[in-house]
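Below is one structure, written out as structure tokens; comments come after it.
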Amino acid sequence: MSSEPETADATAGVEQSEGRSLDALSGAGDTVEVPLKVRGLEKHFGGITAVDGVEFDIEKGSMTGLIGPNGAGKSTTFNCITGTHKPDGGSVEFNGQDITGLEPFEVADRGLVRTFQIARELGEMTVLENMMVAPKHQRGEALWRSVLPYVRNDVNRQEQEILERAWETLEFFDIDHLANEYAENLSGGQRKLLELARALLTDPQMLLLDEPFAGVNPSLEERLLEHIHELRDQGYTFLIVEHDMDLIMQNCEKVIVMHQGRILTEGTPEEVRNNEDVIEAYLGGEV
Ligand SMILES: Nc1ncnc2c1ncn2[C@@H]1O[C@H](COP(=O)(O)OP(=O)(O)OP(=O)(O)O)[C@@H](O)[C@H]1O
């Protein structure tokens, strides 16, 4: 797959959103080098403060790891950024637009997309059908139902274009031979590849991956990593939550460490590895 995130080719055949900045898509106007800015983010659940004034910047074309122990607030931070949770305070800016509190499909429309686990209903569809409903599925969890008849019966011109992109993306991830397999029959690693492939069909500029390597065997993990690096080289930006510390340290140029809802530190893997707070107060010397 050779298309870049902002090019017209990358968006061919896929419904464009009204809310998306044309400048951001075409690269015209000011170049946004820090597409994602999180400021003073807060989220409370009853008496629990899950996210407590989190702030960070993500640079364009970078691969950043977000790490921290269980309950540190990583998933809640992801959820507040991508619209699954409404933050109680702070702001999220993407490509110069305030996206704080927008619905998930509105955030995805702007090019900030997180991978979704293949839900039970999608597991009962083939890999190719999963790809065909991906662009619309991301814009609303229920919309895929309305698309399904078209997938199974007559395919109109727009669907034909989506079909071509779907095949191209499946080939890129080396899972085109599984196109007619039901998604529920895929291995854990193959599902992760499909989840990433589906996210790509929504024309993202930045991808948020929540534990993309969980349950993935070493050889598939290697392949998944190669694909992520290749996509990064094409200009996509990645923010990755992952428990495998070594994997993050070896593959991300920047690491953000969360602890008890706050940013403990951030820096290069080397800086984080040598940070006394991280070693003593948080990681217990496991880095
Ligand atoms: N929906 C919720 N309702 C109540 N408490 C929640 C909810 N979601 C998260 N929490 C709490 O918020 C805190 C942060 O949880 P979160 O899942 O964001 O951490 P995490 O860093 O992703 O952890 P893990 O690595 O274990 O997935 C935890 O104390 C958790 O129990």
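Just so we're on the same page: first chain in the structure tokens is A, next is B, and so on; residues restart at 1 for each chain, and ligands are numbered from 1 in the order they show up.
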
Near segment 209-232 of chain A, 10 Å: segment 77-114 of chain A residue rows, closest pairs, only C-alpha atoms, as CSV:
```
residue,atom,partner,partner_atom,distance
A:Phe78,CA,A:Asp210,CA,8.1
A:Val113,CA,A:Leu209,CA,8.7
A:Arg114,CA,A:Leu209,CA,5.9
```

What are the closest atom pairs, with distances in Å to one decimal, for all residues of chain A lying within 9 Å of ligand 1? Consider only C-alpha atoms and all ligand atoms, order rows by chain and residue number, and present the result as a tab-separated table.
```
residue	atom	partner	partner_atom_place_in_ligand_line	distance
A:Lys43	CA	ligand 1	12 (O)	8.4
A:His44	CA	ligand 1	12 (O)	7.6
A:Phe45	CA	ligand 1	4 (C)	4.8
A:Gly46	CA	ligand 1	4 (C)	7.2
A:Gly47	CA	ligand 1	5 (N)	8.9
A:Ile48	CA	ligand 1	12 (O)	6.4
A:Thr49	CA	ligand 1	12 (O)	6.6
A:Ala50	CA	ligand 1	12 (O)	4.0
A:Val51	CA	ligand 1	14 (C)	7.0
A:Ile67	CA	ligand 1	21 (O)	7.6
A:Gly68	CA	ligand 1	21 (O)	5.9
A:Pro69	CA	ligand 1	25 (O)	5.6
A:Asn70	CA	ligand 1	26 (O)	3.3
A:Gly71	CA	ligand 1	19 (O)	3.4
A:Ala72	CA	ligand 1	21 (O)	3.7
A:Gly73	CA	ligand 1	18 (O)	3.2
A:Lys74	CA	ligand 1	21 (O)	3.8
A:Ser75	CA	ligand 1	22 (O)	3.7
A:Thr76	CA	ligand 1	18 (O)	3.7
A:Thr77	CA	ligand 1	18 (O)	6.4
A:Phe78	CA	ligand 1	18 (O)	8.0
A:Asn79	CA	ligand 1	18 (O)	8.2
A:His85	CA	ligand 1	1 (N)	8.7
A:Asp210	CA	ligand 1	22 (O)	8.9
A:Glu211	CA	ligand 1	27 (O)	8.9
A:Val241	CA	ligand 1	22 (O)	8.1
A:Glu242	CA	ligand 1	25 (O)	8.1
A:His243	CA	ligand 1	25 (O)	6.9
A:Met258	CA	ligand 1	21 (O)	7.4
A:His259	CA	ligand 1	21 (O)	7.9
A:Gln260	CA	ligand 1	14 (C)	7.6
A:Gly261	CA	ligand 1	14 (C)	6.8
```

Generate a file of the selected residues that holds C-alpha atoms, formatted as a compact mmCIF listing (two decimals), in the first residue's frame.
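Done, and the output landed in out14.txt:
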```
# COMPACT_ATOMS: atom_id res chain seq x y z
CA LYS A 43 -11.97 12.51 34.17
CA HIS A 44 -13.65 11.40 37.38
CA PHE A 45 -15.77 8.33 38.06
CA GLY A 46 -17.62 9.04 41.28
CA GLY A 47 -14.86 9.49 43.84
CA ILE A 48 -12.14 8.10 41.56
CA THR A 49 -9.95 10.49 39.66
CA ALA A 50 -8.94 8.44 36.64
CA VAL A 51 -7.27 11.26 34.70
CA ILE A 67 2.67 3.32 29.30
CA GLY A 68 1.84 2.95 32.96
CA PRO A 69 0.77 0.32 35.48
CA ASN A 70 -2.75 -1.09 35.73
CA GLY A 71 -5.22 1.66 36.58
CA ALA A 72 -2.84 4.49 35.67
CA GLY A 73 -5.49 6.10 33.46
CA LYS A 74 -4.21 5.22 29.98
CA SER A 75 -7.46 3.82 28.57
CA THR A 76 -9.51 6.61 30.11
CA THR A 77 -7.18 9.13 28.50
CA PHE A 78 -7.67 7.38 25.15
CA ASN A 79 -11.42 7.36 25.70
CA HIS A 85 -15.89 9.48 27.47
CA ASP A 210 -4.94 0.26 22.50
CA GLU A 211 -2.79 -2.79 23.27
CA VAL A 241 -0.97 2.05 24.71
CA GLU A 242 0.89 -1.17 25.40
CA HIS A 243 1.89 -3.19 28.44
CA MET A 258 1.28 7.74 33.36
CA HIS A 259 0.88 7.01 37.04
CA GLN A 260 -2.21 7.54 39.20
CA GLY A 261 -3.94 9.61 36.53
```

#### Entry: Counting only C-alpha atoms, the residue of A:Leu178, A:Thr268, A:Asn185, A:Phe238 that sits nearest Thr115 of chain A
A:Phe238

### Task
If you run DSSP over the backbone, which residues in segment 139-257 of chain A end up strand (DSSP E or B)? Put them as a PyMOL selection string.
chain A and resi 182+206-210+237-241+254-257

### Task
For His177 of chain A, work out the shell of residues within 12 Å, counting only C-alpha atoms and skipping chain neighbours fewer than 2 positions away, then give it as a count of residues only.
15

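By only C-alpha atoms, and with residues fewer than 6 positions from Met249 of chain A along its chain excluded, the set lying at most 12 Å from it is Met63, Thr64, Gly65, Leu66, Ile67, Ile240, Glu242, His243, Val255, Ile256, Val257, Gly267, Thr268, Pro269, Glu270, Glu271, Val272, Arg273, Asn274 and Val287 of chain A.
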
### Query
With distances taken over only C-alpha atoms, which of A:Glu276, A:Glu124, A:Asp203, A:Glu129 is nearest to Glu184 of chain A?
A:Glu124

### Straight-line distance linking atom CA of Leu41 of chain A with atom CA of Asp244 of chain A, stated in Å to one decimal
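These two atoms are separated by 25.0 Å.
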
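Residue nearest Pro87 of chain A, chosen from A:Glu59, A:Glu42, A:Leu247, A:Asn130 and counting only C-alpha atoms: A:Glu42.
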
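By chain and then residue number, the residues within 8 Å of Glu195 of chain A are Thr115, Phe116, Gln117 and Ile118 of chain A, counting only C-alpha atoms and disregarding those fewer than 6 positions away in sequence.
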
### Query
So what do you get for atom CA of Gly61 of chain A versus atom CA of Tyr236 of chain A, distance-wise?
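Computing it gives 5.3 Å between the two atoms.
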
With a distance cut-off of 7 Å and only C-alpha atoms, select the neighbouring residues of Gly111 of chain A, excluding the residue or stretch itself and same-chain residues fewer than 6 positions from it, and output the selection as a CSV table (one decimal) with N, CA and C atoms, in the first residue's frame.
```csv
chain,number,residue,atom,x,y,z
A,203,ASP,N,-9.7,6.6,6.5
A,203,ASP,CA,-8.8,7.8,6.2
A,203,ASP,C,-8.2,8.5,7.4
A,204,PRO,N,-7.6,7.8,8.3
A,204,PRO,CA,-7.0,8.4,9.5
A,204,PRO,C,-5.8,9.2,9.1
A,205,GLN,N,-5.5,10.2,9.9
A,205,GLN,CA,-4.2,10.8,9.9
A,205,GLN,C,-3.4,10.4,11.1
A,206,MET,N,-4.1,10.1,12.1
A,206,MET,CA,-3.4,9.6,13.3
A,206,MET,C,-4.2,8.4,13.9
```

From segment 42-184 of chain A, collect each residue whose DSSP state is alpha helix (DSSP H) and return the set as a PDB file with N, CA and C atoms, in the first residue's frame.
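Result saved to states-v5.pdb:
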```
ATOM      1  N   LYS A  74      -4.548   5.190  31.417  1.00  0.00           N
ATOM      2  CA  LYS A  74      -4.207   5.220  29.982  1.00  0.00           C
ATOM      3  C   LYS A  74      -5.459   5.073  29.105  1.00  0.00           C
ATOM      4  N   SER A  75      -6.263   4.048  29.401  1.00  0.00           N
ATOM      5  CA  SER A  75      -7.458   3.817  28.566  1.00  0.00           C
ATOM      6  C   SER A  75      -8.444   4.964  28.705  1.00  0.00           C
ATOM      7  N   THR A  76      -8.578   5.493  29.917  1.00  0.00           N
ATOM      8  CA  THR A  76      -9.512   6.609  30.113  1.00  0.00           C
ATOM      9  C   THR A  76      -9.035   7.833  29.331  1.00  0.00           C
ATOM     10  N   THR A  77      -7.724   8.040  29.305  1.00  0.00           N
ATOM     11  CA  THR A  77      -7.179   9.135  28.503  1.00  0.00           C
ATOM     12  C   THR A  77      -7.531   8.932  27.034  1.00  0.00           C
ATOM     13  N   PHE A  78      -7.299   7.712  26.530  1.00  0.00           N
ATOM     14  CA  PHE A  78      -7.669   7.382  25.147  1.00  0.00           C
ATOM     15  C   PHE A  78      -9.156   7.672  24.920  1.00  0.00           C
ATOM     16  N   ASN A  79      -9.971   7.208  25.857  1.00  0.00           N
ATOM     17  CA  ASN A  79     -11.423   7.359  25.698  1.00  0.00           C
ATOM     18  C   ASN A  79     -11.855   8.820  25.695  1.00  0.00           C
ATOM     19  N   CYS A  80     -11.173   9.636  26.499  1.00  0.00           N
ATOM     20  CA  CYS A  80     -11.504  11.071  26.519  1.00  0.00           C
ATOM     21  C   CYS A  80     -11.070  11.751  25.225  1.00  0.00           C
ATOM     22  N   ILE A  81      -9.954  11.287  24.652  1.00  0.00           N
ATOM     23  CA  ILE A  81      -9.467  11.890  23.406  1.00  0.00           C
ATOM     24  C   ILE A  81     -10.383  11.513  22.245  1.00  0.00           C
ATOM     25  N   THR A  82     -10.813  10.246  22.211  1.00  0.00           N
ATOM     26  CA  THR A  82     -11.543   9.758  21.045  1.00  0.00           C
ATOM     27  C   THR A  82     -13.060   9.842  21.193  1.00  0.00           C
ATOM     28  N   PRO A 104     -17.552  10.032  19.135  1.00  0.00           N
ATOM     29  CA  PRO A 104     -16.480   9.246  18.493  1.00  0.00           C
ATOM     30  C   PRO A 104     -16.456   9.368  16.973  1.00  0.00           C
ATOM     31  N   PHE A 105     -17.643   9.343  16.332  1.00  0.00           N
ATOM     32  CA  PHE A 105     -17.635   9.408  14.867  1.00  0.00           C
ATOM     33  C   PHE A 105     -17.182  10.777  14.372  1.00  0.00           C
ATOM     34  N   GLU A 106     -17.440  11.827  15.195  1.00  0.00           N
ATOM     35  CA  GLU A 106     -17.001  13.164  14.798  1.00  0.00           C
ATOM     36  C   GLU A 106     -15.484  13.280  14.911  1.00  0.00           C
ATOM     37  N   VAL A 107     -14.931  12.639  15.944  1.00  0.00           N
ATOM     38  CA  VAL A 107     -13.474  12.630  16.107  1.00  0.00           C
ATOM     39  C   VAL A 107     -12.848  11.852  14.954  1.00  0.00           C
ATOM     40  N   ALA A 108     -13.441  10.683  14.620  1.00  0.00           N
ATOM     41  CA  ALA A 108     -12.919   9.866  13.519  1.00  0.00           C
ATOM     42  C   ALA A 108     -13.010  10.615  12.194  1.00  0.00           C
ATOM     43  N   ASP A 109     -14.088  11.366  12.006  1.00  0.00           N
ATOM     44  CA  ASP A 109     -14.243  12.150  10.778  1.00  0.00           C
ATOM     45  C   ASP A 109     -13.107  13.146  10.591  1.00  0.00           C
ATOM     46  N   ARG A 120     -18.842  -8.958  18.441  1.00  0.00           N
ATOM     47  CA  ARG A 120     -19.435 -10.262  18.130  1.00  0.00           C
ATOM     48  C   ARG A 120     -20.149 -10.266  16.773  1.00  0.00           C
ATOM     49  N   GLU A 121     -20.943  -9.201  16.515  1.00  0.00           N
ATOM     50  CA  GLU A 121     -21.690  -9.164  15.257  1.00  0.00           C
ATOM     51  C   GLU A 121     -20.752  -9.142  14.051  1.00  0.00           C
ATOM     52  N   LEU A 122     -19.648  -8.418  14.205  1.00  0.00           N
ATOM     53  CA  LEU A 122     -18.695  -8.354  13.103  1.00  0.00           C
ATOM     54  C   LEU A 122     -17.954  -9.674  12.943  1.00  0.00           C
ATOM     55  N   GLY A 123     -17.830 -10.416  14.038  1.00  0.00           N
ATOM     56  CA  GLY A 123     -17.195 -11.727  13.971  1.00  0.00           C
ATOM     57  C   GLY A 123     -17.983 -12.691  13.105  1.00  0.00           C
ATOM     58  N   VAL A 127     -14.086 -11.486   6.631  1.00  0.00           N
ATOM     59  CA  VAL A 127     -13.054 -10.450   6.703  1.00  0.00           C
ATOM     60  C   VAL A 127     -13.344  -9.347   5.686  1.00  0.00           C
ATOM     61  N   LEU A 128     -13.703  -9.737   4.459  1.00  0.00           N
ATOM     62  CA  LEU A 128     -13.972  -8.739   3.425  1.00  0.00           C
ATOM     63  C   LEU A 128     -15.192  -7.896   3.785  1.00  0.00           C
ATOM     64  N   GLU A 129     -16.221  -8.531   4.303  1.00  0.00           N
ATOM     65  CA  GLU A 129     -17.408  -7.768   4.722  1.00  0.00           C
ATOM     66  C   GLU A 129     -17.058  -6.789   5.833  1.00  0.00           C
ATOM     67  N   ASN A 130     -16.201  -7.215   6.745  1.00  0.00           N
ATOM     68  CA  ASN A 130     -15.729  -6.307   7.800  1.00  0.00           C
ATOM     69  C   ASN A 130     -15.065  -5.077   7.201  1.00  0.00           C
ATOM     70  N   MET A 131     -14.282  -5.303   6.149  1.00  0.00           N
ATOM     71  CA  MET A 131     -13.596  -4.183   5.503  1.00  0.00           C
ATOM     72  C   MET A 131     -14.595  -3.276   4.793  1.00  0.00           C
ATOM     73  N   MET A 132     -15.605  -3.878   4.167  1.00  0.00           N
ATOM     74  CA  MET A 132     -16.567  -3.090   3.412  1.00  0.00           C
ATOM     75  C   MET A 132     -17.384  -2.165   4.293  1.00  0.00           C
ATOM     76  N   VAL A 133     -17.661  -2.584   5.515  1.00  0.00           N
ATOM     77  CA  VAL A 133     -18.468  -1.737   6.392  1.00  0.00           C
ATOM     78  C   VAL A 133     -17.601  -0.825   7.245  1.00  0.00           C
ATOM     79  N   ALA A 134     -16.294  -0.980   7.178  1.00  0.00           N
ATOM     80  CA  ALA A 134     -15.413  -0.215   8.057  1.00  0.00           C
ATOM     81  C   ALA A 134     -15.581   1.295   7.951  1.00  0.00           C
ATOM     82  N   PRO A 135     -15.582   1.880   6.727  1.00  0.00           N
ATOM     83  CA  PRO A 135     -15.660   3.343   6.666  1.00  0.00           C
ATOM     84  C   PRO A 135     -16.895   3.894   7.349  1.00  0.00           C
ATOM     85  N   LYS A 136     -18.050   3.228   7.162  1.00  0.00           N
ATOM     86  CA  LYS A 136     -19.265   3.744   7.770  1.00  0.00           C
ATOM     87  C   LYS A 136     -19.412   3.290   9.207  1.00  0.00           C
ATOM     88  N   HIS A 137     -18.893   2.108   9.467  1.00  0.00           N
ATOM     89  CA  HIS A 137     -19.001   1.590  10.836  1.00  0.00           C
ATOM     90  C   HIS A 137     -18.370   2.555  11.832  1.00  0.00           C
ATOM     91  N   TRP A 144     -23.562  -0.002  10.173  1.00  0.00           N
ATOM     92  CA  TRP A 144     -23.123  -1.103   9.327  1.00  0.00           C
ATOM     93  C   TRP A 144     -24.279  -1.986   8.896  1.00  0.00           C
ATOM     94  N   ARG A 145     -25.334  -2.034   9.756  1.00  0.00           N
ATOM     95  CA  ARG A 145     -26.468  -2.880   9.409  1.00  0.00           C
ATOM     96  C   ARG A 145     -27.108  -2.446   8.095  1.00  0.00           C
ATOM     97  N   SER A 146     -27.180  -1.134   7.892  1.00  0.00           N
ATOM     98  CA  SER A 146     -27.829  -0.632   6.694  1.00  0.00           C
ATOM     99  C   SER A 146     -26.988  -0.882   5.450  1.00  0.00           C
ATOM    100  N   VAL A 147     -25.706  -1.134   5.633  1.00  0.00           N
ATOM    101  CA  VAL A 147     -24.818  -1.327   4.492  1.00  0.00           C
ATOM    102  C   VAL A 147     -24.765  -2.793   4.082  1.00  0.00           C
ATOM    103  N   LEU A 148     -25.019  -3.669   5.024  1.00  0.00           N
ATOM    104  CA  LEU A 148     -24.819  -5.093   4.805  1.00  0.00           C
ATOM    105  C   LEU A 148     -25.519  -5.638   3.553  1.00  0.00           C
ATOM    106  N   PRO A 149     -26.790  -5.283   3.294  1.00  0.00           N
ATOM    107  CA  PRO A 149     -27.437  -5.828   2.100  1.00  0.00           C
ATOM    108  C   PRO A 149     -26.664  -5.521   0.827  1.00  0.00           C
ATOM    109  N   TYR A 150     -26.064  -4.339   0.770  1.00  0.00           N
ATOM    110  CA  TYR A 150     -25.312  -3.968  -0.423  1.00  0.00           C
ATOM    111  C   TYR A 150     -24.060  -4.818  -0.569  1.00  0.00           C
ATOM    112  N   VAL A 151     -23.481  -5.168   0.562  1.00  0.00           N
ATOM    113  CA  VAL A 151     -22.278  -5.980   0.525  1.00  0.00           C
ATOM    114  C   VAL A 151     -22.615  -7.355  -0.018  1.00  0.00           C
ATOM    115  N   ARG A 152     -23.734  -7.870   0.422  1.00  0.00           N
ATOM    116  CA  ARG A 152     -24.060  -9.249   0.051  1.00  0.00           C
ATOM    117  C   ARG A 152     -24.732  -9.326  -1.321  1.00  0.00           C
ATOM    118  N   ARG A 157     -21.340   1.549  -7.623  1.00  0.00           N
ATOM    119  CA  ARG A 157     -20.037   2.078  -7.986  1.00  0.00           C
ATOM    120  C   ARG A 157     -19.198   2.491  -6.784  1.00  0.00           C
ATOM    121  N   GLN A 158     -19.836   3.177  -5.825  1.00  0.00           N
ATOM    122  CA  GLN A 158     -19.072   3.608  -4.655  1.00  0.00           C
ATOM    123  C   GLN A 158     -18.550   2.404  -3.886  1.00  0.00           C
ATOM    124  N   GLU A 159     -19.417   1.398  -3.773  1.00  0.00           N
ATOM    125  CA  GLU A 159     -18.980   0.199  -3.063  1.00  0.00           C
ATOM    126  C   GLU A 159     -17.868  -0.513  -3.827  1.00  0.00           C
ATOM    127  N   GLN A 160     -17.928  -0.415  -5.169  1.00  0.00           N
ATOM    128  CA  GLN A 160     -16.872  -1.025  -5.986  1.00  0.00           C
ATOM    129  C   GLN A 160     -15.521  -0.380  -5.659  1.00  0.00           C
ATOM    130  N   GLU A 161     -15.548   0.950  -5.493  1.00  0.00           N
ATOM    131  CA  GLU A 161     -14.297   1.647  -5.162  1.00  0.00           C
ATOM    132  C   GLU A 161     -13.812   1.269  -3.765  1.00  0.00           C
ATOM    133  N   ILE A 162     -14.767   1.182  -2.839  1.00  0.00           N
ATOM    134  CA  ILE A 162     -14.393   0.760  -1.482  1.00  0.00           C
ATOM    135  C   ILE A 162     -13.845  -0.669  -1.516  1.00  0.00           C
ATOM    136  N   LEU A 163     -14.466  -1.493  -2.349  1.00  0.00           N
ATOM    137  CA  LEU A 163     -14.025  -2.888  -2.472  1.00  0.00           C
ATOM    138  C   LEU A 163     -12.564  -2.953  -2.929  1.00  0.00           C
ATOM    139  N   GLU A 164     -12.228  -2.106  -3.913  1.00  0.00           N
ATOM    140  CA  GLU A 164     -10.854  -2.105  -4.409  1.00  0.00           C
ATOM    141  C   GLU A 164      -9.876  -1.689  -3.310  1.00  0.00           C
ATOM    142  N   ARG A 165     -10.261  -0.670  -2.568  1.00  0.00           N
ATOM    143  CA  ARG A 165      -9.384  -0.231  -1.459  1.00  0.00           C
ATOM    144  C   ARG A 165      -9.293  -1.292  -0.376  1.00  0.00           C
ATOM    145  N   ALA A 166     -10.421  -1.981  -0.144  1.00  0.00           N
ATOM    146  CA  ALA A 166     -10.433  -3.032   0.877  1.00  0.00           C
ATOM    147  C   ALA A 166      -9.445  -4.137   0.501  1.00  0.00           C
ATOM    148  N   TRP A 167      -9.478  -4.559  -0.772  1.00  0.00           N
ATOM    149  CA  TRP A 167      -8.556  -5.601  -1.222  1.00  0.00           C
ATOM    150  C   TRP A 167      -7.113  -5.134  -1.109  1.00  0.00           C
ATOM    151  N   GLU A 168      -6.895  -3.888  -1.537  1.00  0.00           N
ATOM    152  CA  GLU A 168      -5.540  -3.333  -1.503  1.00  0.00           C
ATOM    153  C   GLU A 168      -5.003  -3.341  -0.065  1.00  0.00           C
ATOM    154  N   THR A 169      -5.884  -2.973   0.867  1.00  0.00           N
ATOM    155  CA  THR A 169      -5.459  -2.905   2.267  1.00  0.00           C
ATOM    156  C   THR A 169      -5.245  -4.308   2.838  1.00  0.00           C
ATOM    157  N   LEU A 170      -6.119  -5.254   2.470  1.00  0.00           N
ATOM    158  CA  LEU A 170      -5.938  -6.639   2.930  1.00  0.00           C
ATOM    159  C   LEU A 170      -4.622  -7.209   2.405  1.00  0.00           C
ATOM    160  N   GLU A 171      -4.292  -6.867   1.153  1.00  0.00           N
ATOM    161  CA  GLU A 171      -3.026  -7.342   0.576  1.00  0.00           C
ATOM    162  C   GLU A 171      -1.848  -6.731   1.324  1.00  0.00           C
ATOM    163  N   PHE A 172      -1.969  -5.449   1.662  1.00  0.00           N
ATOM    164  CA  PHE A 172      -0.894  -4.769   2.394  1.00  0.00           C
ATOM    165  C   PHE A 172      -0.606  -5.492   3.705  1.00  0.00           C
TER     166      PHE A 172
END
```

### Query
Could you work out how far atom CA of Leu112 of chain A lies from atom CA of Asp246 of chain A, giving the answer in Å with one decimal?
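A separation of 26.0 Å between them.
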